[in-house]
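In what follows, a single structure is set out as structure tokens and then discussed.
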There are 2 protein chains.
Amino acid sequence: MARVSPETHDEILAAAGRRFALTGYRGTSLQDIAGEVGCSKATVLYHFANKEAILTELMAPAIAVLQALDERLAAHRGAAAQQVAAEGFVDLAVRFRREIALLRGEFPELLQQPSFAHIHRISERLIEAFAGGSERSSARIAALVLLAGISETCGEFADVPDEELRSALLALVRRALEPVD
Amino acid sequence: MARVSPETHDEILAAAGRRFALTGYRGTSLQDIAGEVGCSKATVLYHFANKEAILTELMAPAIAVLQALDERLAAHRGAAAQQVAAEGFVDLAVRFRREIALLRGEFPELLQQPSFAHIHRISERLIEAFAGGSERSSARIAALVLLAGISETCGEFADVPDEELRSALLALVRRALEPVD
DNA sequence: CACTGATCTGACCGATCGGTCAGGGTCTGA
DNA sequence: TCAGACCCTGACCGATCGGTCAGATCAGTG
């Protein structure tokens, strides 16, 4: 064999993205990925330190945007924060709906892992912003349902045009969130 | 040892419920359950045909209520169906939020399994009812986000009183769903 | 030519999984 | 007393997982 192609790294990444999207992170084995690329499992682990490193690299762009949103969010309060969070999160979900779909149902476990630890703090801030800073349980419930619902489903809408999905989600969020006092 | 207790069946079921709620269905091994009960893994498999049978028995009450809702739903259309679905699903989510939490992130795989196949059809009808029978993509998007969001999060609100959670979710759903033309 | 470093692989490892099985203890009723 | 039903277990199985490693192959370089 000996393919000697420096693009193998990217091929593996693309194949992993496809497989993860189909069967989830845990549901995809290194052998699956290797099979899709047409190389051996050992080759996959030659290009990536371990399985998690593949996921980390795949999610990097989305996480960068999420962190940028978090920083913008830190500068706002109340109704302003709610609006920034709504627009920012919907935009994120639409743009990276394929990447987010990879994680469907694996958020709880993955968020425990050290390399995703900071995501937990960011999601806390998102919830608070969605809730309009309110301590009322009904506000927090609405915030959590919307954030989780969008995260879990946005991958389903691969064939909906970006702009159509964005406006539908934004309209939904604006109807659904409790107005800030 | 030889505990010779006919209640072992129920002990296993309770222990499995606790473990599944903590670490999910796939994330819980038969050994984990056995360890929590204080018996051997072989004992677990003496009382249950296989791992899936434990889950099936655990979910039976919730599934029965879901099926009843589906039948009620079959008799309604448009706005009436939307209202029946909203009240019925919220009630289901609140009453069985512990059971639903067991499945967090495992809906996709589990729905593929034969013993849960009919759930897929039921969820289709729920989505259609939530969307008010509309074909507009924005209506279906809102329906899916709400259903998935509530399913994924209701387990988080174990310490919120039933009535408070019910009214919060119902208010959210009524705000969020598009009104039927 | 020899050497080097990058790429790739088959064979292998330990761990864990769900599940099977033969057999041993205990209780009950004839 | 004893057969048999019931309950339980340790030992074991095949499969699969993520990951390691020594070595084969190749391109470039001096």
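Every chain in the structure tokens takes a letter, A first, then B, and so on in the order presented; its residues are numbered from 1, and the ligands are numbered from 1 following the presented order.
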- Skip range 8-11 of chain B itself and residues of its chain fewer than 5 positions away, then list as a PyMOL selection string all residues within 12 Å of it, counting only C-alpha atoms (C1' of nucleotides). (chain B and resi 2-3+16-18+33-40+43-49+53-54+57-58) or (chain D and resi 7-8)
Atoms to include: N, CA and C atoms (P, O5', C5', C4', C3', O3' and C1' of nucleotides). Write the selected residues as a CSV table (one decimal), in the first residue's frame.
```csv
chain,number,residue,atom,x,y,z
B,2,ALA,N,-26.5,-16.5,48.7
B,2,ALA,CA,-27.9,-17.1,48.5
B,2,ALA,C,-28.9,-16.3,49.3
B,3,ARG,N,-29.3,-15.2,48.7
B,3,ARG,CA,-30.2,-14.3,49.4
B,3,ARG,C,-31.6,-14.8,49.4
B,16,ALA,N,-31.3,-0.3,38.6
B,16,ALA,CA,-31.1,0.0,37.2
B,16,ALA,C,-31.6,1.4,36.9
B,17,GLY,N,-32.8,1.8,37.4
B,17,GLY,CA,-33.3,3.1,37.2
B,17,GLY,C,-32.4,4.2,37.8
B,18,ARG,N,-31.8,3.9,38.9
B,18,ARG,CA,-30.9,4.9,39.5
B,18,ARG,C,-29.6,5.0,38.7
B,33,ILE,N,-25.0,-2.3,37.6
B,33,ILE,CA,-26.3,-2.6,38.2
B,33,ILE,C,-26.2,-3.7,39.3
B,34,ALA,N,-25.5,-4.7,39.0
B,34,ALA,CA,-25.3,-5.8,39.9
B,34,ALA,C,-24.6,-5.3,41.2
B,35,GLY,N,-23.6,-4.5,40.9
B,35,GLY,CA,-22.8,-3.9,42.1
B,35,GLY,C,-23.7,-3.1,43.0
B,36,GLU,N,-24.6,-2.3,42.4
B,36,GLU,CA,-25.5,-1.5,43.2
B,36,GLU,C,-26.5,-2.3,44.0
B,37,VAL,N,-26.9,-3.4,43.4
B,37,VAL,CA,-27.9,-4.3,44.1
B,37,VAL,C,-27.1,-5.1,45.2
B,38,GLY,N,-25.9,-5.5,44.8
B,38,GLY,CA,-25.1,-6.3,45.7
B,38,GLY,C,-25.3,-7.8,45.4
B,39,CYS,N,-25.5,-8.0,44.1
B,39,CYS,CA,-25.5,-9.4,43.6
B,39,CYS,C,-24.6,-9.6,42.4
B,40,SER,N,-24.6,-10.7,41.8
B,40,SER,CA,-23.7,-10.9,40.7
B,40,SER,C,-24.4,-10.5,39.4
B,43,THR,N,-27.0,-12.9,38.2
B,43,THR,CA,-28.3,-12.8,38.9
B,43,THR,C,-29.2,-11.8,38.1
B,44,VAL,N,-28.6,-10.7,37.7
B,44,VAL,CA,-29.3,-9.7,36.9
B,44,VAL,C,-29.9,-10.4,35.7
B,45,LEU,N,-29.1,-11.2,35.0
B,45,LEU,CA,-29.5,-11.8,33.8
B,45,LEU,C,-30.4,-13.1,34.1
B,46,TYR,N,-30.5,-13.5,35.3
B,46,TYR,CA,-31.4,-14.5,35.7
B,46,TYR,C,-32.8,-13.9,35.7
B,47,HIS,N,-32.9,-12.7,36.2
B,47,HIS,CA,-34.2,-12.1,36.4
B,47,HIS,C,-34.7,-11.4,35.1
B,48,PHE,N,-33.8,-11.0,34.3
B,48,PHE,CA,-34.1,-10.3,33.0
B,48,PHE,C,-33.5,-11.0,31.9
B,49,ALA,N,-34.2,-11.1,30.8
B,49,ALA,CA,-33.7,-11.9,29.6
B,49,ALA,C,-32.4,-11.2,29.1
B,53,ALA,N,-34.3,-5.7,28.2
B,53,ALA,CA,-35.6,-6.0,28.9
B,53,ALA,C,-35.7,-5.2,30.2
B,54,ILE,N,-34.6,-4.8,30.8
B,54,ILE,CA,-34.7,-4.0,32.0
B,54,ILE,C,-35.2,-2.6,31.6
B,57,GLU,N,-39.0,-2.7,30.7
B,57,GLU,CA,-39.9,-2.8,31.9
B,57,GLU,C,-39.9,-1.5,32.6
B,58,LEU,N,-38.7,-0.8,32.7
B,58,LEU,CA,-38.6,0.5,33.3
B,58,LEU,C,-39.5,1.6,32.6
D,7,DC,P,-37.7,-17.5,42.3
D,7,DC,O5',-36.2,-17.4,42.8
D,7,DC,C5',-35.9,-17.5,44.1
D,7,DC,C4',-34.4,-17.6,44.3
D,7,DC,C3',-33.7,-16.4,43.7
D,7,DC,O3',-33.0,-15.7,44.7
D,7,DC,C1',-32.6,-18.5,43.3
D,8,DC,P,-32.3,-14.3,44.3
D,8,DC,O5',-30.8,-14.8,44.0
D,8,DC,C5',-30.1,-15.4,45.0
D,8,DC,C4',-28.8,-16.1,44.5
D,8,DC,C3',-27.9,-15.2,43.7
D,8,DC,O3',-26.9,-14.7,44.6
D,8,DC,C1',-28.0,-17.4,42.8
```
Using only C-alpha atoms (C1' of nucleotides), what table do you get, as CSV, when you list each residue of chain D with an atom no more than 12 Å from chain B, its nearest pair of atoms, and their distance in Å rounded to one decimal, rows by chain then rising number?
```
residue,atom,partner,partner_atom,distance
D:DC6,C1',B:Val4,CA,8.6
D:DC7,C1',B:Val4,CA,5.5
D:DC8,C1',B:Ala2,CA,5.7
D:DT9,C1',B:Ser40,CA,6.8
D:DG10,C1',B:Ser40,CA,9.1
D:DA11,C1',B:Ala42,CA,11.0
D:DC12,C1',B:Ala42,CA,11.9
```
Could you save those same residues with N, CA and C atoms (P, O5', C5', C4', C3', O3' and C1' of nucleotides) as a tab-separated table (two decimals), in the first residue's frame?
```
chain	number	residue	atom	x	y	z
D	6	DC	P	-40.66	-22.73	39.47
D	6	DC	O5'	-39.67	-21.91	40.40
D	6	DC	C5'	-39.92	-21.84	41.80
D	6	DC	C4'	-38.71	-21.31	42.51
D	6	DC	C3'	-38.06	-20.09	41.84
D	6	DC	O3'	-38.10	-19.01	42.75
D	6	DC	C1'	-36.44	-21.68	42.55
D	7	DC	P	-37.74	-17.51	42.27
D	7	DC	O5'	-36.22	-17.37	42.76
D	7	DC	C5'	-35.94	-17.53	44.15
D	7	DC	C4'	-34.44	-17.57	44.35
D	7	DC	C3'	-33.68	-16.42	43.68
D	7	DC	O3'	-33.03	-15.67	44.69
D	7	DC	C1'	-32.61	-18.54	43.32
D	8	DC	P	-32.29	-14.29	44.29
D	8	DC	O5'	-30.81	-14.81	43.99
D	8	DC	C5'	-30.08	-15.44	45.05
D	8	DC	C4'	-28.84	-16.08	44.52
D	8	DC	C3'	-27.91	-15.16	43.73
D	8	DC	O3'	-26.86	-14.71	44.58
D	8	DC	C1'	-28.02	-17.40	42.84
D	9	DT	P	-25.77	-13.71	44.05
D	9	DT	O5'	-24.64	-14.68	43.49
D	9	DT	C5'	-24.12	-15.71	44.33
D	9	DT	C4'	-23.15	-16.57	43.55
D	9	DT	C3'	-22.14	-15.77	42.73
D	9	DT	O3'	-20.86	-15.91	43.32
D	9	DT	C1'	-23.04	-17.61	41.49
D	10	DG	P	-19.67	-14.96	42.94
D	10	DG	O5'	-18.70	-15.99	42.21
D	10	DG	C5'	-18.44	-17.26	42.80
D	10	DG	C4'	-17.70	-18.14	41.82
D	10	DG	C3'	-16.49	-17.51	41.14
D	10	DG	O3'	-15.49	-18.51	40.94
D	10	DG	C1'	-18.13	-18.02	39.49
D	11	DA	P	-14.08	-18.15	40.29
D	11	DA	O5'	-14.22	-18.79	38.83
D	11	DA	C5'	-14.84	-20.06	38.68
D	11	DA	C4'	-15.02	-20.36	37.20
D	11	DA	C3'	-13.91	-19.81	36.29
D	11	DA	O3'	-13.48	-20.81	35.40
D	11	DA	C1'	-16.05	-19.08	35.53
D	12	DC	P	-12.30	-20.55	34.39
D	12	DC	O5'	-13.06	-20.24	33.02
D	12	DC	C5'	-14.13	-21.10	32.62
D	12	DC	C4'	-14.94	-20.43	31.56
D	12	DC	C3'	-14.14	-19.78	30.44
D	12	DC	O3'	-14.19	-20.62	29.29
D	12	DC	C1'	-16.07	-18.51	31.07
```
Q: Taking the chain letters and numbering used in this document, name the residues of range 15-141 of chain A that DSSP puts in alpha helix (DSSP H), as a PyMOL selection string.
A: chain A and resi 15-23+30-37+41-47+51-73+78-95+97-102+107-112+117-130+137-141
Residues just named, written with C-alpha atoms as a compact mmCIF listing (two decimals), in the first residue's frame:
```txt
# COMPACT_ATOMS: atom_id res chain seq x y z
CA ALA A 15 -14.34 10.83 7.13
CA ALA A 16 -14.66 11.13 10.90
CA GLY A 17 -17.06 14.04 10.45
CA ARG A 18 -19.23 11.97 8.16
CA ARG A 19 -19.25 8.92 10.45
CA PHE A 20 -19.78 10.91 13.64
CA ALA A 21 -22.73 12.65 12.01
CA LEU A 22 -24.24 9.28 11.10
CA THR A 23 -23.66 7.25 14.23
CA LEU A 30 -11.62 4.13 14.93
CA GLN A 31 -11.99 1.11 12.66
CA ASP A 32 -15.10 2.66 11.10
CA ILE A 33 -13.19 5.84 10.32
CA ALA A 34 -10.21 3.92 8.95
CA GLY A 35 -12.54 1.86 6.78
CA GLU A 36 -14.15 4.98 5.32
CA VAL A 37 -10.75 6.49 4.53
CA LYS A 41 -6.71 2.04 12.22
CA ALA A 42 -3.06 2.51 13.11
CA THR A 43 -2.79 5.21 10.46
CA VAL A 44 -5.66 7.12 12.05
CA LEU A 45 -3.79 7.02 15.34
CA TYR A 46 -0.59 8.05 13.62
CA HIS A 47 -2.23 11.31 12.55
CA LYS A 51 -9.96 9.47 19.29
CA GLU A 52 -10.86 12.55 21.29
CA ALA A 53 -8.26 14.60 19.39
CA ILE A 54 -10.21 14.01 16.19
CA LEU A 55 -13.38 15.35 17.77
CA THR A 56 -11.55 18.31 19.28
CA GLU A 57 -10.12 19.35 15.91
CA LEU A 58 -13.49 18.85 14.26
CA MET A 59 -15.20 21.09 16.78
CA ALA A 60 -12.51 23.75 17.01
CA PRO A 61 -14.13 26.30 14.67
CA ALA A 62 -17.50 26.03 16.39
CA ILE A 63 -15.93 26.31 19.82
CA ALA A 64 -13.99 29.41 18.79
CA VAL A 65 -17.22 31.12 17.74
CA LEU A 66 -18.91 29.99 20.94
CA GLN A 67 -16.12 31.54 22.99
CA ALA A 68 -16.39 34.78 21.06
CA LEU A 69 -20.10 34.84 21.84
CA ASP A 70 -19.32 34.23 25.50
CA GLU A 71 -17.01 37.25 25.58
CA ARG A 72 -19.56 39.47 23.91
CA LEU A 73 -22.12 38.22 26.41
CA GLY A 78 -30.72 41.86 31.13
CA ALA A 79 -32.64 42.47 27.93
CA ALA A 80 -29.50 43.37 25.98
CA ALA A 81 -27.79 40.14 27.01
CA GLN A 82 -30.90 38.20 26.09
CA GLN A 83 -30.91 39.66 22.60
CA VAL A 84 -27.19 39.12 22.05
CA ALA A 85 -27.50 35.53 23.28
CA ALA A 86 -30.51 34.78 21.11
CA GLU A 87 -29.00 36.13 17.91
CA GLY A 88 -25.54 34.76 18.66
CA PHE A 89 -26.66 31.29 19.60
CA VAL A 90 -29.09 30.92 16.72
CA ASP A 91 -26.40 32.06 14.31
CA LEU A 92 -23.97 29.57 15.84
CA ALA A 93 -26.48 26.73 15.66
CA VAL A 94 -27.26 27.44 12.02
CA ARG A 95 -23.68 27.85 10.86
CA ARG A 97 -25.39 22.64 12.73
CA ARG A 98 -23.42 19.82 11.21
CA GLU A 99 -20.74 19.99 13.90
CA ILE A 100 -23.30 20.31 16.67
CA ALA A 101 -25.13 17.30 15.31
CA LEU A 102 -22.01 15.22 15.91
CA PHE A 107 -23.22 16.52 25.60
CA PRO A 108 -23.45 15.21 29.17
CA GLU A 109 -20.46 12.89 28.91
CA LEU A 110 -18.33 15.12 26.71
CA LEU A 111 -18.84 18.13 28.92
CA GLN A 112 -17.27 16.15 31.75
CA ALA A 117 -14.67 21.78 30.65
CA HIS A 118 -14.89 25.47 29.83
CA ILE A 119 -17.94 24.84 27.66
CA HIS A 120 -19.85 24.14 30.83
CA ARG A 121 -19.19 27.62 32.17
CA ILE A 122 -20.14 29.16 28.84
CA SER A 123 -23.43 27.27 28.71
CA GLU A 124 -24.21 28.52 32.23
CA ARG A 125 -23.81 32.09 31.02
CA LEU A 126 -25.98 31.35 27.98
CA ILE A 127 -28.75 29.99 30.16
CA GLU A 128 -28.61 33.02 32.40
CA ALA A 129 -28.74 35.36 29.41
CA PHE A 130 -31.65 33.47 27.86
CA SER A 137 -37.67 28.87 37.66
CA SER A 138 -40.04 29.32 34.73
CA ALA A 139 -37.49 31.59 33.03
CA ARG A 140 -34.66 29.14 33.53
CA ILE A 141 -36.84 26.26 32.34
```
*Once you count only C-alpha atoms, which residues of chain B turn out to be within 9 Å of chain A? Could you give them as a ChimeraX atom specification?*
/B:23,104-109,137-139,141-142,144-154,157,160,164-165,167-169,171-178
Using N, CA and C atoms, can you export the residues from the last selection as an mmCIF file, in the first residue's frame?
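Result went into out11.cif, see below:
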```cif
data_model
loop_
_atom_site.group_PDB
_atom_site.id
_atom_site.type_symbol
_atom_site.label_atom_id
_atom_site.label_comp_id
_atom_site.auth_asym_id
_atom_site.auth_seq_id
_atom_site.Cartn_x
_atom_site.Cartn_y
_atom_site.Cartn_z
ATOM 1 N N THR B 23 -25.911 7.678 34.560
ATOM 2 C CA THR B 23 -24.900 7.528 33.509
ATOM 3 C C THR B 23 -25.475 7.101 32.170
ATOM 4 N N ARG B 104 -31.855 10.118 27.921
ATOM 5 C CA ARG B 104 -31.218 11.316 27.391
ATOM 6 C C ARG B 104 -30.085 10.948 26.434
ATOM 7 N N GLY B 105 -30.209 11.472 25.233
ATOM 8 C CA GLY B 105 -29.147 11.269 24.255
ATOM 9 C C GLY B 105 -29.137 9.901 23.626
ATOM 10 N N GLU B 106 -30.115 9.080 23.977
ATOM 11 C CA GLU B 106 -30.113 7.742 23.416
ATOM 12 C C GLU B 106 -31.352 7.501 22.578
ATOM 13 N N PHE B 107 -32.152 8.548 22.397
ATOM 14 C CA PHE B 107 -33.348 8.404 21.574
ATOM 15 C C PHE B 107 -33.013 7.869 20.185
ATOM 16 N N PRO B 108 -32.060 8.457 19.487
ATOM 17 C CA PRO B 108 -31.813 8.005 18.112
ATOM 18 C C PRO B 108 -31.567 6.504 18.016
ATOM 19 N N GLU B 109 -30.641 5.982 18.812
ATOM 20 C CA GLU B 109 -30.333 4.554 18.739
ATOM 21 C C GLU B 109 -31.507 3.702 19.201
ATOM 22 N N SER B 137 -42.102 25.023 7.091
ATOM 23 C CA SER B 137 -40.932 24.483 7.779
ATOM 24 C C SER B 137 -40.759 25.158 9.134
ATOM 25 N N SER B 138 -41.122 26.436 9.232
ATOM 26 C CA SER B 138 -40.949 27.118 10.519
ATOM 27 C C SER B 138 -41.817 26.474 11.598
ATOM 28 N N ALA B 139 -42.977 25.982 11.208
ATOM 29 C CA ALA B 139 -43.863 25.344 12.185
ATOM 30 C C ALA B 139 -43.290 24.007 12.643
ATOM 31 N N ILE B 141 -40.137 23.201 12.566
ATOM 32 C CA ILE B 141 -38.916 23.470 13.333
ATOM 33 C C ILE B 141 -39.265 23.764 14.785
ATOM 34 N N ALA B 142 -40.250 24.637 14.980
ATOM 35 C CA ALA B 142 -40.655 24.972 16.344
ATOM 36 C C ALA B 142 -41.127 23.727 17.082
ATOM 37 N N LEU B 144 -40.333 20.572 16.584
ATOM 38 C CA LEU B 144 -39.229 19.665 16.900
ATOM 39 C C LEU B 144 -38.353 20.195 18.023
ATOM 40 N N VAL B 145 -38.067 21.480 17.977
ATOM 41 C CA VAL B 145 -37.225 22.079 19.019
ATOM 42 C C VAL B 145 -37.891 21.920 20.380
ATOM 43 N N LEU B 146 -39.184 22.180 20.443
ATOM 44 C CA LEU B 146 -39.874 22.099 21.730
ATOM 45 C C LEU B 146 -39.938 20.662 22.242
ATOM 46 N N LEU B 147 -40.301 19.745 21.366
ATOM 47 C CA LEU B 147 -40.407 18.350 21.798
ATOM 48 C C LEU B 147 -39.053 17.812 22.257
ATOM 49 N N ALA B 148 -38.030 18.066 21.459
ATOM 50 C CA ALA B 148 -36.707 17.575 21.834
ATOM 51 C C ALA B 148 -36.190 18.281 23.080
ATOM 52 N N GLY B 149 -36.405 19.574 23.140
ATOM 53 C CA GLY B 149 -35.920 20.339 24.288
ATOM 54 C C GLY B 149 -36.539 19.879 25.585
ATOM 55 N N ILE B 150 -37.844 19.664 25.568
ATOM 56 C CA ILE B 150 -38.520 19.216 26.787
ATOM 57 C C ILE B 150 -38.049 17.799 27.154
ATOM 58 N N SER B 151 -37.941 16.943 26.155
ATOM 59 C CA SER B 151 -37.511 15.566 26.429
ATOM 60 C C SER B 151 -36.121 15.539 27.046
ATOM 61 N N GLU B 152 -35.254 16.377 26.506
ATOM 62 C CA GLU B 152 -33.862 16.332 26.946
ATOM 63 C C GLU B 152 -33.650 16.955 28.311
ATOM 64 N N THR B 153 -34.514 17.909 28.655
ATOM 65 C CA THR B 153 -34.223 18.670 29.868
ATOM 66 C C THR B 153 -35.103 18.333 31.058
ATOM 67 N N CYS B 154 -36.275 17.727 30.807
ATOM 68 C CA CYS B 154 -37.222 17.597 31.919
ATOM 69 C C CYS B 154 -36.610 16.849 33.100
ATOM 70 N N PHE B 157 -35.153 18.796 36.103
ATOM 71 C CA PHE B 157 -35.984 19.536 37.049
ATOM 72 C C PHE B 157 -36.607 18.616 38.093
ATOM 73 N N VAL B 160 -38.090 20.475 41.029
ATOM 74 C CA VAL B 160 -39.171 21.445 40.835
ATOM 75 C C VAL B 160 -40.492 20.709 41.049
ATOM 76 N N GLU B 164 -45.630 23.245 39.388
ATOM 77 C CA GLU B 164 -44.854 24.405 38.928
ATOM 78 C C GLU B 164 -44.211 24.119 37.573
ATOM 79 N N LEU B 165 -43.650 22.912 37.440
ATOM 80 C CA LEU B 165 -43.003 22.537 36.179
ATOM 81 C C LEU B 165 -44.029 22.457 35.056
ATOM 82 N N SER B 167 -46.945 23.996 34.733
ATOM 83 C CA SER B 167 -47.447 25.295 34.266
ATOM 84 C C SER B 167 -46.369 26.057 33.507
ATOM 85 N N ALA B 168 -45.111 25.907 33.932
ATOM 86 C CA ALA B 168 -44.030 26.604 33.226
ATOM 87 C C ALA B 168 -43.869 26.056 31.817
ATOM 88 N N LEU B 169 -43.885 24.737 31.672
ATOM 89 C CA LEU B 169 -43.708 24.128 30.356
ATOM 90 C C LEU B 169 -44.894 24.434 29.450
ATOM 91 N N ALA B 171 -46.928 26.959 29.602
ATOM 92 C CA ALA B 171 -46.875 28.368 29.192
ATOM 93 C C ALA B 171 -45.839 28.557 28.089
ATOM 94 N N LEU B 172 -44.712 27.922 28.258
ATOM 95 C CA LEU B 172 -43.660 28.016 27.237
ATOM 96 C C LEU B 172 -44.153 27.497 25.892
ATOM 97 N N VAL B 173 -44.760 26.318 25.911
ATOM 98 C CA VAL B 173 -45.225 25.715 24.664
ATOM 99 C C VAL B 173 -46.263 26.611 23.994
ATOM 100 N N ARG B 174 -47.169 27.173 24.780
ATOM 101 C CA ARG B 174 -48.232 28.001 24.192
ATOM 102 C C ARG B 174 -47.675 29.285 23.607
ATOM 103 N N ARG B 175 -46.672 29.847 24.262
ATOM 104 C CA ARG B 175 -46.033 31.025 23.681
ATOM 105 C C ARG B 175 -45.314 30.659 22.388
ATOM 106 N N ALA B 176 -44.657 29.510 22.405
ATOM 107 C CA ALA B 176 -43.674 29.201 21.363
ATOM 108 C C ALA B 176 -44.290 28.638 20.087
ATOM 109 N N LEU B 177 -45.369 27.876 20.219
ATOM 110 C CA LEU B 177 -45.950 27.266 19.025
ATOM 111 C C LEU B 177 -46.620 28.320 18.157
ATOM 112 N N GLU B 178 -46.479 28.156 16.851
ATOM 113 C CA GLU B 178 -47.171 29.056 15.942
ATOM 114 C C GLU B 178 -48.671 28.794 16.029
#
```
List every residue of chain C that has an atom at most 12 Å from any atom of chain A, giving for each one its closest atom pair and the distance in Å to one decimal, counting only C-alpha atoms (C1' of nucleotides), sorted by chain and then by ascending residue number, as JSON lines.
```
{"residue": "C:DA6", "atom": "C1'", "partner": "A:Val4", "partner_atom": "CA", "distance": 8.6}
{"residue": "C:DT7", "atom": "C1'", "partner": "A:Val4", "partner_atom": "CA", "distance": 5.6}
{"residue": "C:DC8", "atom": "C1'", "partner": "A:Ala2", "partner_atom": "CA", "distance": 5.7}
{"residue": "C:DT9", "atom": "C1'", "partner": "A:Ser40", "partner_atom": "CA", "distance": 6.6}
{"residue": "C:DG10", "atom": "C1'", "partner": "A:Ser40", "partner_atom": "CA", "distance": 9.1}
{"residue": "C:DA11", "atom": "C1'", "partner": "A:Ala42", "partner_atom": "CA", "distance": 11.0}
{"residue": "C:DC12", "atom": "C1'", "partner": "A:Ala42", "partner_atom": "CA", "distance": 11.9}
```
